[in-house]
file query_22.csv (CSV, C-alpha atoms)
chain,number,residue,atom,x,y,z
A,1,ILE,CA,73.4,-50.8,-65.8
A,2,GLU,CA,72.6,-53.7,-68.1
A,3,THR,CA,72.6,-51.4,-71.2
A,4,GLU,CA,76.1,-50.0,-70.3
A,5,ALA,CA,77.4,-53.5,-69.6
A,6,ASP,CA,76.0,-54.9,-72.8
A,7,ILE,CA,77.9,-52.4,-74.8
A,8,TRP,CA,81.1,-52.3,-72.7
A,9,ILE,CA,81.6,-56.0,-72.6
A,10,LEU,CA,82.0,-56.0,-76.4
A,11,LEU,CA,84.9,-53.6,-76.5
A,12,LYS,CA,88.5,-54.6,-76.6
A,13,HIS,CA,91.0,-51.9,-77.4
A,14,PRO,CA,94.1,-50.3,-75.8
A,15,HIS,CA,92.4,-46.9,-75.4
A,16,ILE,CA,89.1,-48.2,-74.1
A,17,LEU,CA,88.8,-48.9,-70.4
A,18,GLU,CA,88.6,-52.7,-69.9
A,19,PHE,CA,85.4,-54.2,-68.7
A,20,MET,CA,86.0,-56.8,-66.0
A,21,GLY,CA,82.5,-57.7,-64.9
A,22,VAL,CA,79.6,-56.9,-62.6
A,23,TYR,CA,79.8,-57.0,-58.8
A,24,ALA,CA,76.6,-57.4,-56.9
A,25,LEU,CA,76.5,-56.1,-53.3
A,26,GLU,CA,73.1,-56.5,-51.5
A,27,SER,CA,70.6,-54.7,-53.8
A,28,GLU,CA,73.2,-52.8,-55.8
A,29,GLU,CA,75.2,-53.8,-58.9
A,30,TYR,CA,78.5,-52.2,-59.8
A,31,LEU,CA,80.5,-52.3,-63.1
A,32,VAL,CA,84.1,-53.4,-62.4
A,33,ALA,CA,87.1,-52.1,-64.3
A,34,PRO,CA,90.9,-51.9,-63.7
A,35,PHE,CA,92.0,-49.1,-61.3
A,36,ALA,CA,93.2,-46.1,-63.3
A,37,GLU,CA,96.0,-44.9,-61.2
A,38,HIS,CA,96.2,-41.3,-62.5
A,39,GLY,CA,92.4,-40.7,-62.5
A,40,ALA,CA,90.5,-38.6,-65.0
A,41,LEU,CA,92.2,-36.6,-67.7
A,42,PRO,CA,91.6,-33.0,-66.4
A,43,GLN,CA,93.1,-33.8,-63.0
A,44,PHE,CA,96.0,-35.6,-64.6
A,45,LEU,CA,96.8,-32.6,-66.8
A,46,ASP,CA,96.7,-30.3,-63.8
A,47,ARG,CA,99.2,-32.5,-62.0
A,48,HIS,CA,101.4,-33.1,-65.1
A,49,PRO,CA,101.3,-29.9,-67.2
A,50,GLU,CA,104.5,-31.1,-69.0
A,51,VAL,CA,102.8,-34.1,-70.6
A,52,ASP,CA,102.6,-34.4,-74.4
A,53,ARG,CA,98.9,-33.4,-74.9
A,54,GLY,CA,99.1,-34.2,-78.6
A,55,ARG,CA,99.8,-37.8,-77.9
A,56,LEU,CA,96.7,-38.0,-75.6
A,57,ILE,CA,94.5,-36.4,-78.2
A,58,VAL,CA,95.7,-39.0,-80.8
A,59,GLU,CA,95.0,-41.8,-78.4
A,60,ILE,CA,91.5,-40.5,-77.7
A,61,ALA,CA,90.9,-40.2,-81.5
A,62,GLU,CA,92.0,-43.8,-81.9
A,63,GLY,CA,89.7,-45.0,-79.1
A,64,LEU,CA,86.8,-43.1,-80.6
A,65,GLY,CA,87.6,-44.4,-84.1
A,66,TYR,CA,87.5,-47.9,-82.7
A,67,LEU,CA,84.0,-47.3,-81.3
A,68,HIS,CA,82.8,-45.8,-84.5
A,69,LEU,CA,84.2,-48.7,-86.6
A,70,CYS,CA,82.3,-51.0,-84.2
A,71,GLY,CA,79.1,-49.0,-85.0
A,72,ILE,CA,79.0,-47.5,-81.5
A,73,VAL,CA,78.1,-43.9,-80.6
A,74,HIS,CA,79.7,-42.9,-77.3
A,75,GLY,CA,77.3,-40.1,-76.6
A,76,ASP,CA,79.1,-38.4,-73.8
A,77,LEU,CA,82.8,-37.8,-74.7
A,78,LYS,CA,84.6,-35.3,-72.5
A,79,GLY,CA,87.7,-35.0,-70.4
A,80,ASN,CA,86.2,-36.6,-67.3
A,81,ASN,CA,85.2,-39.6,-69.3
A,82,VAL,CA,88.8,-40.3,-70.2
A,83,LEU,CA,90.9,-42.0,-67.6
A,84,ILE,CA,94.7,-42.2,-67.5
A,85,SER,CA,96.4,-45.5,-67.0
A,86,ALA,CA,99.4,-46.2,-64.7
A,87,ASP,CA,101.7,-45.8,-67.7
A,88,GLY,CA,100.1,-42.5,-68.8
A,89,HIS,CA,97.8,-43.6,-71.7
A,90,ALA,CA,94.3,-42.4,-72.4
A,91,LEU,CA,91.3,-44.8,-71.8
A,92,ILE,CA,87.8,-43.8,-72.9
A,93,CYS,CA,85.2,-44.8,-70.3
A,94,ASP,CA,81.6,-44.3,-69.2
A,95,PHE,CA,79.4,-46.1,-71.8
A,96,GLY,CA,76.1,-45.2,-70.0
A,97,LEU,CA,74.9,-43.3,-73.1
A,98,ALA,CA,76.6,-45.4,-75.7
A,99,LYS,CA,74.5,-47.2,-78.3
A,100,HIS,CA,75.1,-49.6,-81.1
A,101,VAL,CA,74.1,-48.2,-84.5
A,102,SER,CA,73.4,-50.9,-87.0
A,103,SER,CA,72.9,-50.4,-90.7
A,104,ARG,CA,69.2,-51.2,-90.3
A,105,THR,CA,68.5,-48.6,-87.7
A,106,SER,CA,68.6,-44.8,-87.5
A,107,THR,CA,71.9,-43.2,-86.5
A,108,ALA,CA,70.0,-41.1,-83.9
A,109,ILE,CA,69.9,-42.3,-80.3
A,110,ARG,CA,68.3,-40.9,-77.2
A,111,GLY,CA,69.8,-39.7,-73.9
A,112,ALA,CA,71.2,-36.5,-72.4
A,113,GLY,CA,74.9,-35.9,-72.2
A,114,THR,CA,77.0,-33.1,-70.7
A,115,LEU,CA,75.9,-29.8,-72.2
A,116,LEU,CA,79.3,-28.0,-72.7
A,117,TRP,CA,80.4,-30.7,-75.1
A,118,GLN,CA,77.1,-31.0,-76.9
A,119,SER,CA,76.7,-30.0,-80.5
A,120,PRO,CA,74.2,-27.4,-81.7
A,121,GLU,CA,71.8,-30.0,-83.0
A,122,LEU,CA,71.8,-31.8,-79.7
A,123,LEU,CA,71.1,-28.6,-77.8
A,124,MET,CA,68.1,-28.1,-80.0
A,125,ASP,CA,67.0,-31.8,-80.0
A,126,SER,CA,68.6,-33.9,-77.3
A,127,SER,CA,67.3,-37.2,-78.9
A,128,ARG,CA,69.7,-37.1,-81.9
A,129,ARG,CA,73.0,-38.4,-80.8
A,130,THR,CA,75.2,-39.5,-83.7
A,131,PHE,CA,78.7,-40.2,-84.9
A,132,GLN,CA,78.8,-36.5,-85.9
A,133,SER,CA,77.9,-35.3,-82.4
A,134,ASP,CA,80.6,-37.5,-81.0
A,135,VAL,CA,83.1,-35.8,-83.4
A,136,TYR,CA,81.9,-32.3,-82.1
A,137,ALA,CA,82.4,-33.5,-78.5
A,138,PHE,CA,85.9,-34.7,-79.5
A,139,GLY,CA,86.6,-31.2,-80.9
A,140,MET,CA,85.6,-29.7,-77.5
A,141,THR,CA,87.7,-32.3,-75.7
A,142,ILE,CA,90.7,-31.1,-77.8
A,143,TYR,CA,90.0,-27.6,-76.6
A,144,GLU,CA,89.8,-28.9,-73.0
A,145,ILE,CA,93.1,-30.6,-73.3
A,146,LEU,CA,95.1,-27.8,-75.0
A,147,ALA,CA,93.5,-24.9,-73.2
A,148,GLY,CA,93.5,-26.6,-69.8
A,149,LYS,CA,90.0,-25.5,-69.0
A,150,LEU,CA,86.3,-26.2,-69.8
A,151,PRO,CA,84.9,-25.0,-73.1
A,152,PHE,CA,82.9,-21.8,-72.8
A,153,ALA,CA,84.2,-21.4,-69.2
A,154,ASP,CA,83.8,-17.6,-69.4
A,155,THR,CA,80.2,-17.7,-70.6
A,156,LYS,CA,77.8,-16.6,-67.9
A,157,GLY,CA,74.7,-18.8,-67.6
A,158,MET,CA,73.3,-21.8,-69.4
A,159,ALA,CA,71.0,-19.8,-71.6
A,160,ALA,CA,73.8,-17.6,-72.8
A,161,PHE,CA,75.9,-20.7,-73.5
A,162,VAL,CA,73.2,-22.3,-75.6
A,163,LEU,CA,72.7,-19.1,-77.6
A,164,CYS,CA,76.4,-18.8,-78.2
A,165,VAL,CA,76.7,-22.4,-79.6
A,166,ILE,CA,73.6,-22.1,-81.8
A,167,ARG,CA,74.8,-18.7,-83.2
A,168,GLY,CA,78.1,-20.5,-84.2
A,169,GLU,CA,80.4,-19.0,-81.6
A,170,ARG,CA,83.2,-21.3,-80.4
A,171,PRO,CA,85.9,-21.1,-77.7
A,172,ALA,CA,88.9,-19.0,-78.7
A,173,THR,CA,92.0,-21.1,-79.5
A,174,GLU,CA,94.9,-20.5,-77.2
A,175,PRO,CA,98.6,-20.8,-78.1
A,176,SER,CA,100.4,-23.8,-76.7
A,177,ASP,CA,103.3,-26.0,-77.6
A,178,ALA,CA,104.4,-29.6,-77.1
A,179,PRO,CA,107.1,-30.5,-74.6
A,180,ASP,CA,109.6,-30.7,-77.5
A,181,GLY,CA,108.7,-27.1,-78.6
A,182,SER,CA,106.7,-28.2,-81.6
A,183,SER,CA,103.4,-26.3,-82.2
A,184,TYR,CA,99.9,-27.7,-81.4
A,185,LEU,CA,98.5,-25.4,-84.2
A,186,HIS,CA,97.5,-28.4,-86.3
A,187,LEU,CA,95.5,-29.8,-83.4
A,188,TRP,CA,93.6,-26.5,-83.1
A,189,GLY,CA,92.9,-26.9,-86.8
A,190,GLU,CA,91.4,-30.3,-86.2
A,191,ALA,CA,89.3,-29.0,-83.3
A,192,LYS,CA,87.8,-26.3,-85.6
A,193,LYS,CA,86.9,-28.9,-88.2
A,194,CYS,CA,85.3,-31.1,-85.6
A,195,TRP,CA,83.1,-28.4,-84.0
A,196,ASP,CA,81.6,-27.1,-87.2
A,197,GLY,CA,78.0,-26.2,-86.6
A,198,GLU,CA,76.8,-28.2,-89.6
A,199,PRO,CA,77.0,-32.0,-88.8
A,200,THR,CA,77.6,-33.0,-92.5
A,201,ARG,CA,80.7,-30.8,-92.7
A,202,ARG,CA,82.4,-32.4,-89.7
A,203,PRO,CA,85.0,-35.0,-90.6
A,204,GLN,CA,84.7,-38.6,-89.7
A,205,ILE,CA,86.9,-39.4,-86.7
A,206,LEU,CA,89.0,-41.8,-88.8
A,207,SER,CA,89.8,-39.0,-91.2
A,208,VAL,CA,91.0,-36.9,-88.2
A,209,LEU,CA,93.1,-39.8,-87.0
A,210,ARG,CA,94.6,-40.3,-90.5
A,211,ARG,CA,95.8,-36.7,-90.5
A,212,LEU,CA,97.2,-36.9,-87.0
A,213,ASP,CA,98.8,-40.3,-87.3
A,214,GLY,CA,98.3,-42.2,-90.6
A,215,ARG,CA,100.0,-45.4,-89.5
A,216,ARG,CA,97.9,-45.6,-86.3
A,217,ALA,CA,94.7,-45.2,-88.4
A,218,GLU,CA,95.7,-47.9,-90.9
A,219,ARG,CA,96.5,-50.3,-88.1
A,220,LEU,CA,93.2,-49.7,-86.5
A,221,VAL,CA,91.3,-50.3,-89.7
A,222,LYS,CA,93.2,-53.4,-90.5
A,223,SER,CA,92.7,-54.8,-87.0
A,224,GLN,CA,89.0,-54.3,-87.3
A,225,GLN,CA,88.9,-56.0,-90.7
A,226,LEU,CA,90.7,-59.0,-89.2
A,227,THR,CA,88.3,-59.1,-86.3
A,228,LEU,CA,85.3,-59.0,-88.7
A,229,GLU,CA,86.9,-61.8,-90.9
A,230,GLU,CA,87.5,-63.9,-87.8
A,231,SER,CA,83.9,-63.4,-86.6
A,232,LEU,CA,82.5,-64.4,-90.0
A,233,THR,CA,84.7,-67.5,-90.2
A,234,SER,CA,83.7,-68.6,-86.7
A,235,SER,CA,80.0,-68.2,-87.4
A,236,SER,CA,80.1,-70.0,-90.8

call {"tool": "encode", "arguments": {"input": "query_22.csv", "output": "structure tokens"}}
result
Amino acid sequence: IETEADIWILLKHPHILEFMGVYALESEEYLVAPFAEHGALPQFLDRHPEVDRGRLIVEIAEGLGYLHLCGIVHGDLKGNNVLISADGHALICDFGLAKHVSSRTSTAIRGAGTLLWQSPELLMDSSRRTFQSDVYAFGMTIYEILAGKLPFADTKGMAAFVLCVIRGERPATEPSDAPDGSSYLHLWGEAKKCWDGEPTRRPQILSVLRRLDGRRAERLVKSQQLTLEESLTSSS
């Protein structure tokens, strides 16, 4: 719990679930966060099929972009680790596998995540969790949001699933449109880029965000630059 709290307490962003503190009860400690009225993303989508899924994908991309700009690998991104606020916005949560990656350390971190969202390299070596494996998981989360079901839901058995992923097989894209009738085809295109089997060919999450919403991406980068400048000024 200390590791998760140590990471989470540093994070301040509209699409990251806010950390409020640690509550101790007898011999147990609990991490405290605001109540997310609509619960986890998959259940929210089941109850509100009319919601603009493209907007939620962009918000998750922004939250993940913020983490990566902070040098943090989430390590377990998936629909159930995104909560929906009372006003319907995406909040990335669960930092139990998150790690800070400094320029002086390897970008590989240890820890097991949820298999269906794991990249081929993680399935072959679960100790190597990187920014690139986060991007792969984001691609699978796009699928989960647009298709309304788990990736590889029709694959029978874990061994068959692992073999499919390592062979380069990916979930089939399914046609879906936004509430205003516009196509989600461009989002499927981003998912395909993100779940490329070769980590070096996957885009950085900020590149994805720039294609989806350039203004939002630039605001995020500028905000982080200002935060860094303020930090350097206060420490000098």

call {"tool": "residues_around", "arguments": {"input": "query_22.csv", "residues": "A:Arg167", "least_positions_apart": "5", "cutoff": "12 Å", "atoms": "only C-alpha atoms", "output": "list in words"}}
result
Ser119, Pro120, Glu121, Leu123, Met124, Ala160, Phe161, Val162, Asp196, Gly197 and Glu198 of chain A

call {"tool": "atom_distance", "arguments": {"input": "query_22.csv", "atom1": "atom CA of A:Val22", "atom2": "atom CA of A:Ile7"}}
result
13.1 Å

call {"tool": "closest_residue", "arguments": {"input": "query_22.csv", "among": "A:Leu116, A:Ile9, A:Val208, A:Leu25", "to": "A:Leu150", "atoms": "all atoms listed in the file"}}
result
A:Leu116

call {"tool": "closest_residue", "arguments": {"input": "query_22.csv", "among": "A:Thr141, A:Ser133, A:Gln224, A:Ser27", "to": "A:Gly79", "atoms": "only C-alpha atoms"}}
result
A:Thr141

call {"tool": "atom_distance", "arguments": {"input": "query_22.csv", "atom1": "atom CA of A:Thr227", "atom2": "atom CA of A:Cys70"}}
result
10.3 Å

call {"tool": "residues_near_point", "arguments": {"input": "query_22.csv", "point": "(93.7, -43.5, -75.2)", "cutoff": "7 Å", "atoms": "only C-alpha atoms", "output": "list in words"}}
result
Pro14, His15, Ile16, Leu56, Glu59, Ile60, Glu62, Gly63, His89, Ala90, Leu91 and Ile92 of chain A

call {"tool": "residues_around", "arguments": {"input": "query_22.csv", "residues": "A:Phe44", "least_positions_apart": "6", "cutoff": "10 Å", "atoms": "all atoms listed in the file", "output": "PDB file with C-alpha atoms, keeping the file's coordinate frame"}}
result
ATOM      1  CA  GLU A  37      96.000 -44.900 -61.200  1.00  0.00           C
ATOM      2  CA  HIS A  38      96.200 -41.300 -62.500  1.00  0.00           C
ATOM      3  CA  VAL A  51     102.800 -34.100 -70.600  1.00  0.00           C
ATOM      4  CA  LEU A  83      90.900 -42.000 -67.600  1.00  0.00           C
ATOM      5  CA  ILE A  84      94.700 -42.200 -67.500  1.00  0.00           C
ATOM      6  CA  GLY A  88     100.100 -42.500 -68.800  1.00  0.00           C
TER       7      GLY A  88
END

call {"tool": "residues_near_point", "arguments": {"input": "query_22.csv", "point": "(108.8, -29.1, -74.2)", "cutoff": "10 Å", "atoms": "all atoms listed in the file", "output": "PyMOL selection string"}}
result
chain A and resi 50-52+177-182

call {"tool": "closest_residue", "arguments": {"input": "query_22.csv", "among": "A:Leu206, A:Asp94, A:Met158, A:Gly168", "to": "A:Leu64", "atoms": "only C-alpha atoms"}}
result
A:Leu206

call {"tool": "atom_distance", "arguments": {"input": "query_22.csv", "atom1": "atom CA of A:Gln204", "atom2": "atom CA of A:Leu41"}}
result
23.3 Å

call {"tool": "residues_around", "arguments": {"input": "query_22.csv", "residues": "stretch 188-192 of chain A", "least_positions_apart": "6", "cutoff": "9 Å", "atoms": "only C-alpha atoms", "output": "list in words"}}
result
Tyr136, Phe138, Gly139, Met140, Thr141, Ile142, Tyr143, Leu146, Arg170, Thr173, Glu174, Val208, Arg211 and Leu212 of chain A

call {"tool": "closest_residue", "arguments": {"input": "query_22.csv", "among": "A:Leu185, A:Asp134, A:Lys156, A:Pro175", "to": "A:Pro203", "atoms": "all atoms listed in the file"}}
result
A:Asp134

call {"tool": "closest_residue", "arguments": {"input": "query_22.csv", "among": "A:Ala61, A:Ala40, A:Asp154, A:Glu144", "to": "A:Leu220", "atoms": "only C-alpha atoms"}}
result
A:Ala61

call {"tool": "build_atoms", "arguments": {"input": "query_22.csv", "residues": "stretch 129-150 of chain A", "atoms": "N, CA and C atoms", "output": "PDB file, in the coordinates of the input"}}
result
ATOM      1  N   ARG A 129      71.622 -38.228 -81.038  1.00  0.00           N
ATOM      2  CA  ARG A 129      73.000 -38.400 -80.800  1.00  0.00           C
ATOM      3  C   ARG A 129      73.632 -39.304 -81.853  1.00  0.00           C
ATOM      4  N   THR A 130      74.646 -38.814 -82.524  1.00  0.00           N
ATOM      5  CA  THR A 130      75.200 -39.500 -83.700  1.00  0.00           C
ATOM      6  C   THR A 130      76.690 -39.529 -83.698  1.00  0.00           C
ATOM      7  N   PHE A 131      77.257 -40.189 -84.710  1.00  0.00           N
ATOM      8  CA  PHE A 131      78.700 -40.200 -84.900  1.00  0.00           C
ATOM      9  C   PHE A 131      79.195 -38.713 -85.007  1.00  0.00           C
ATOM     10  N   GLN A 132      78.411 -37.887 -85.715  1.00  0.00           N
ATOM     11  CA  GLN A 132      78.800 -36.500 -85.900  1.00  0.00           C
ATOM     12  C   GLN A 132      78.808 -35.707 -84.603  1.00  0.00           C
ATOM     13  N   SER A 133      77.850 -35.998 -83.716  1.00  0.00           N
ATOM     14  CA  SER A 133      77.900 -35.300 -82.400  1.00  0.00           C
ATOM     15  C   SER A 133      79.020 -35.773 -81.552  1.00  0.00           C
ATOM     16  N   ASP A 134      79.427 -37.032 -81.708  1.00  0.00           N
ATOM     17  CA  ASP A 134      80.600 -37.500 -81.000  1.00  0.00           C
ATOM     18  C   ASP A 134      81.868 -36.730 -81.510  1.00  0.00           C
ATOM     19  N   VAL A 135      81.941 -36.481 -82.814  1.00  0.00           N
ATOM     20  CA  VAL A 135      83.100 -35.800 -83.400  1.00  0.00           C
ATOM     21  C   VAL A 135      83.110 -34.323 -82.833  1.00  0.00           C
ATOM     22  N   TYR A 136      81.942 -33.691 -82.725  1.00  0.00           N
ATOM     23  CA  TYR A 136      81.900 -32.300 -82.100  1.00  0.00           C
ATOM     24  C   TYR A 136      82.409 -32.389 -80.704  1.00  0.00           C
ATOM     25  N   ALA A 137      81.961 -33.372 -79.931  1.00  0.00           N
ATOM     26  CA  ALA A 137      82.400 -33.500 -78.500  1.00  0.00           C
ATOM     27  C   ALA A 137      83.936 -33.731 -78.498  1.00  0.00           C
ATOM     28  N   PHE A 138      84.460 -34.471 -79.469  1.00  0.00           N
ATOM     29  CA  PHE A 138      85.900 -34.700 -79.500  1.00  0.00           C
ATOM     30  C   PHE A 138      86.617 -33.341 -79.771  1.00  0.00           C
ATOM     31  N   GLY A 139      86.061 -32.497 -80.634  1.00  0.00           N
ATOM     32  CA  GLY A 139      86.600 -31.200 -80.900  1.00  0.00           C
ATOM     33  C   GLY A 139      86.695 -30.357 -79.574  1.00  0.00           C
ATOM     34  N   MET A 140      85.610 -30.413 -78.789  1.00  0.00           N
ATOM     35  CA  MET A 140      85.600 -29.700 -77.500  1.00  0.00           C
ATOM     36  C   MET A 140      86.565 -30.308 -76.516  1.00  0.00           C
ATOM     37  N   THR A 141      86.772 -31.614 -76.616  1.00  0.00           N
ATOM     38  CA  THR A 141      87.700 -32.300 -75.700  1.00  0.00           C
ATOM     39  C   THR A 141      89.161 -31.866 -76.112  1.00  0.00           C
ATOM     40  N   ILE A 142      89.422 -31.676 -77.413  1.00  0.00           N
ATOM     41  CA  ILE A 142      90.700 -31.100 -77.800  1.00  0.00           C
ATOM     42  C   ILE A 142      90.937 -29.773 -77.155  1.00  0.00           C
ATOM     43  N   TYR A 143      89.907 -28.923 -77.201  1.00  0.00           N
ATOM     44  CA  TYR A 143      90.000 -27.600 -76.600  1.00  0.00           C
ATOM     45  C   TYR A 143      90.328 -27.776 -75.074  1.00  0.00           C
ATOM     46  N   GLU A 144      89.591 -28.647 -74.416  1.00  0.00           N
ATOM     47  CA  GLU A 144      89.800 -28.900 -73.000  1.00  0.00           C
ATOM     48  C   GLU A 144      91.207 -29.278 -72.663  1.00  0.00           C
ATOM     49  N   ILE A 145      91.777 -30.129 -73.510  1.00  0.00           N
ATOM     50  CA  ILE A 145      93.100 -30.600 -73.300  1.00  0.00           C
ATOM     51  C   ILE A 145      94.177 -29.533 -73.537  1.00  0.00           C
ATOM     52  N   LEU A 146      94.042 -28.821 -74.643  1.00  0.00           N
ATOM     53  CA  LEU A 146      95.100 -27.800 -75.000  1.00  0.00           C
ATOM     54  C   LEU A 146      94.948 -26.545 -74.192  1.00  0.00           C
ATOM     55  N   ALA A 147      93.722 -26.109 -73.905  1.00  0.00           N
ATOM     56  CA  ALA A 147      93.500 -24.900 -73.200  1.00  0.00           C
ATOM     57  C   ALA A 147      93.633 -25.085 -71.654  1.00  0.00           C
ATOM     58  N   GLY A 148      93.414 -26.329 -71.217  1.00  0.00           N
ATOM     59  CA  GLY A 148      93.500 -26.600 -69.800  1.00  0.00           C
ATOM     60  C   GLY A 148      92.306 -26.111 -69.000  1.00  0.00           C
ATOM     61  N   LYS A 149      91.171 -25.915 -69.671  1.00  0.00           N
ATOM     62  CA  LYS A 149      90.000 -25.500 -69.000  1.00  0.00           C
ATOM     63  C   LYS A 149      88.734 -25.930 -69.759  1.00  0.00           C
ATOM     64  N   LEU A 150      87.562 -25.791 -69.146  1.00  0.00           N
ATOM     65  CA  LEU A 150      86.300 -26.200 -69.800  1.00  0.00           C
ATOM     66  C   LEU A 150      86.001 -25.332 -70.977  1.00  0.00           C
TER      67      LEU A 150
END
